[in-house]
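Containing mmCIF, C-alpha atoms: upload12.cif.
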data_run
loop_
_atom_site.label_atom_id
_atom_site.label_comp_id
_atom_site.auth_asym_id
_atom_site.auth_seq_id
_atom_site.Cartn_x
_atom_site.Cartn_y
_atom_site.Cartn_z
CA MET J 1 95.85 88.25 103.51
CA GLU J 2 92.96 88.72 105.93
CA HIS J 3 95.37 90.44 108.32
CA PHE J 4 96.22 93.01 105.65
CA ASP J 5 92.55 93.45 104.70
CA LEU J 6 91.63 94.15 108.32
CA ARG J 7 94.48 96.64 108.72
CA LEU J 8 93.50 98.31 105.44
CA SER J 9 89.84 98.72 106.42
CA GLN J 10 90.81 100.00 109.88
CA LEU J 11 93.09 102.63 108.34
CA ASP J 12 90.39 103.61 105.85
CA ARG J 13 87.90 104.19 108.68
CA ALA J 14 90.40 106.04 110.85
CA LEU J 15 91.74 108.33 108.15
CA ILE J 16 88.80 109.02 105.88
CA ASP J 17 86.11 109.33 108.53
CA ALA J 18 88.20 111.45 110.90
CA PRO J 19 87.11 115.09 110.83
CA LEU J 20 90.45 116.88 110.74
CA PRO J 21 90.65 120.66 110.37
CA ALA J 22 92.39 122.08 107.33
CA VAL J 23 95.77 123.63 108.00
CA PRO J 24 95.51 127.44 107.92
CA SER J 25 97.54 129.14 105.18
CA SER J 26 99.72 130.68 107.90
CA GLY J 27 100.29 127.28 109.53
CA TRP J 28 99.35 126.50 113.12
CA LEU J 29 102.18 128.09 115.12
CA LYS J 30 101.34 131.75 114.62
CA PRO J 31 97.54 131.50 115.14
CA ILE J 32 97.98 129.42 118.29
CA ARG J 33 100.74 131.67 119.63
CA THR J 34 98.69 134.82 119.04
CA ALA J 35 95.47 133.22 120.38
CA LEU J 36 97.35 132.45 123.59
CA GLY J 37 98.66 136.02 123.71
CA ILE J 38 102.31 134.94 123.60
CA THR J 39 104.75 137.29 121.85
CA THR J 40 107.54 136.05 119.60
CA ARG J 41 110.01 137.31 122.21
CA GLN J 42 108.30 135.31 124.99
CA LEU J 43 108.14 132.13 122.92
CA GLY J 44 111.73 132.61 121.82
CA ARG J 45 112.86 132.97 125.43
CA LYS J 46 111.02 129.76 126.34
CA LEU J 47 112.75 127.93 123.48
CA GLY J 48 116.15 129.57 123.96
CA ILE J 49 116.05 131.29 120.56
CA THR J 50 115.62 134.84 119.27
CA SER J 51 112.36 136.52 118.31
CA PRO J 52 113.40 136.60 114.62
CA SER J 53 114.01 132.83 114.85
CA VAL J 54 110.42 132.36 116.03
CA VAL J 55 109.16 134.42 113.09
CA ALA J 56 111.40 132.41 110.75
CA ALA J 57 109.94 129.15 112.11
CA GLU J 58 106.39 130.44 111.64
CA THR J 59 107.22 131.45 108.08
CA SER J 60 108.91 128.11 107.48
CA GLU J 61 105.79 126.28 108.67
CA ALA J 62 103.56 128.37 106.39
CA GLU J 63 105.85 127.55 103.45
CA GLY J 64 105.90 123.85 104.35
CA THR J 65 109.64 123.69 104.96
CA ILE J 66 109.70 123.33 108.74
CA THR J 67 111.04 120.05 110.07
CA LEU J 68 108.84 117.77 112.12
CA ALA J 69 111.31 117.94 114.99
CA GLN J 70 111.19 121.73 115.00
CA LEU J 71 107.39 121.76 114.78
CA ARG J 72 107.19 119.29 117.68
CA ARG J 73 109.50 121.50 119.76
CA PHE J 74 107.38 124.60 119.11
CA ALA J 75 104.15 122.71 119.77
CA ASN J 76 105.49 121.54 123.11
CA ALA J 77 106.50 125.08 124.05
CA LEU J 78 102.96 126.23 123.22
CA GLY J 79 101.44 123.47 125.35
CA CYS J 80 100.27 121.52 122.33
CA ASP J 81 100.75 118.00 121.02
CA MET J 82 102.07 117.70 117.50
CA ARG J 83 100.34 115.11 115.34
CA TYR J 84 101.45 114.06 111.91
CA VAL J 85 99.02 112.31 109.58
CA LEU J 86 98.70 111.44 105.92
CA ILE J 87 95.13 111.55 104.64
CA PRO J 88 94.46 109.36 101.61
CA ARG J 89 92.62 111.07 98.76
CA GLY J 90 90.24 108.14 98.75
CA SER J 91 89.81 104.68 100.18
CA LEU J 92 93.03 102.68 100.55
CA GLN J 93 91.05 99.56 99.64
CA GLN J 94 89.91 101.20 96.40
CA ARG J 95 93.50 102.25 95.64
CA VAL J 96 94.71 98.66 96.06
CA GLU J 97 91.89 97.37 93.85
CA GLN J 98 92.58 100.05 91.21
CA ARG J 99 96.25 99.10 91.14
CA ALA J 100 95.42 95.41 90.77
CA GLU J 101 93.10 96.24 87.87
CA GLU J 102 95.73 98.47 86.22
CA LEU J 103 98.24 95.62 86.32
CA ALA J 104 95.69 93.08 85.11
CA ARG J 105 94.72 95.34 82.18
CA GLN J 106 98.37 95.88 81.28
CA ARG J 107 99.13 92.17 81.31
CA VAL J 108 96.00 91.09 79.46
CA GLY J 109 96.47 93.96 77.01
CA LYS J 110 99.98 92.80 76.11
CA VAL J 111 98.78 89.26 75.46
CA ALA J 112 95.75 90.47 73.48
CA HIS J 113 97.99 92.72 71.37
CA THR J 114 100.39 89.87 70.60
CA MET J 115 97.53 87.56 69.72
CA ALA J 116 95.98 90.19 67.47
CA LEU J 117 99.29 90.54 65.62
CA GLU J 118 99.19 86.79 65.03
CA ALA J 119 95.58 87.03 63.80
CA GLN J 120 94.34 85.27 66.93
CA GLY J 121 92.43 88.15 68.48
CA THR J 122 89.98 87.53 71.30
CA ASP J 123 86.62 89.12 71.89
CA PRO J 124 86.38 91.99 74.42
CA GLN J 125 84.15 90.01 76.81
CA PHE J 126 86.79 87.30 77.08
CA ALA J 127 89.44 89.93 77.79
CA GLU J 128 87.28 91.49 80.54
CA ARG J 129 86.80 88.07 82.17
CA GLN J 130 90.55 87.50 82.05
CA ILE J 131 91.17 90.91 83.61
CA ALA J 132 88.70 90.17 86.42
CA LEU J 133 90.33 86.77 87.10
CA LEU J 134 93.84 88.19 87.06
CA LYS J 135 92.80 91.10 89.31
CA ALA J 136 91.32 88.67 91.84
CA ASP J 137 94.50 86.60 91.71
CA LEU J 138 96.69 89.68 92.22
CA LEU J 139 94.61 90.72 95.24
CA LYS J 140 95.19 87.32 96.85
CA LYS J 141 98.98 87.61 96.61
CA ARG J 142 101.40 89.78 98.55
CA ARG J 143 100.32 93.41 98.33
CA SER J 144 103.87 94.58 97.77
CA ALA J 145 103.84 92.80 94.38
CA LEU J 146 101.26 95.33 93.18
CA TRP J 147 103.79 98.13 93.38
CA ASN J 148 106.73 96.57 91.52
CA ASP J 149 107.36 98.68 88.45
#
Starting from the file, give its structure as structure tokens.
Amino acid sequence: MEHFDLRLSQLDRALIDAPLPAVPSSGWLKPIRTALGITTRQLGRKLGITSPSVVAAETSEAEGTITLAQLRRFANALGCDMRYVLIPRGSLQQRVEQRAEELARQRVGKVAHTMALEAQGTDPQFAERQIALLKADLLKKRRSALWND
């Protein structure tokens, strides 16, 4: 599991610490095209499409419906590289640990509920220790097992 832990921490550092600009509401194509002083007709000619098709692509990007292939093609025509990245809302390591705890709480909760129905309830401190032990055990196993549901 150390291999996965190393990969996880590397991704956390690369994605969370990277200062990436927010995507403008109009997308990137139109602001870059206009900053370069390229008209829709000129860009269309370079791509072998019509001016209205350029406008449609810019609108499609702003609406979030453009394909990655199309965006890459436009970026290339504008002399840009297209990069695609997913930015986690928080640490990937924390997400894995949260998921392990969720599963541990579910499993311990089911057992505690059954025991309580049989008048064999356990104290909350015991349950918390069991959750911590199960969480640690889940984190030692294959990560893909955390997401089976």
Could you state which residues are captured by the PyMOL selection byres ((chain J and resi 53) around 12) in this file, as a list in words?
->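 Taken on the displayed file, the PyMOL selection byres ((chain J and resi 53) around 12) yields the residues Thr40, Arg41, Gln42, Leu43, Gly44, Arg45, Leu47, Gly48, Ile49, Thr50, Ser51, Pro52, Val54, Val55, Ala56, Ala57, Glu58, Thr59, Ser60, Gln70 and Phe74 of chain J.
Distances to Asp5 (chain J) were evaluated for J:Val108, J:Val96, J:Ala127, J:Leu133 using all atoms listed in the file, and the minimum falls at J:Val96.
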Within 12 Å of (88.5, 91.4, 89.5) (coordinates as in the file), grab all the protein and nucleic acid residues, counting all atoms listed in the file, and write them out as a PyMOL selection string.
-> chain J and resi 96-105+127-140
Excluding region 19-24 of chain J and any residue of its chain fewer than 4 positions from it, enumerate the residues within 10 Å of it, using only C-alpha atoms, and give them as an MDAnalysis selection string.
-> chainID J and resid 14:15 28:31 62 85 87
Using all atoms listed in the file, which of J:Asn76, J:Ser91, J:Thr34, J:Thr65 sits nearest Ile16 (chain J)?
->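 Ranking J:Asn76, J:Ser91, J:Thr34, J:Thr65 by distance to Ile16 (chain J), first place goes to J:Ser91.
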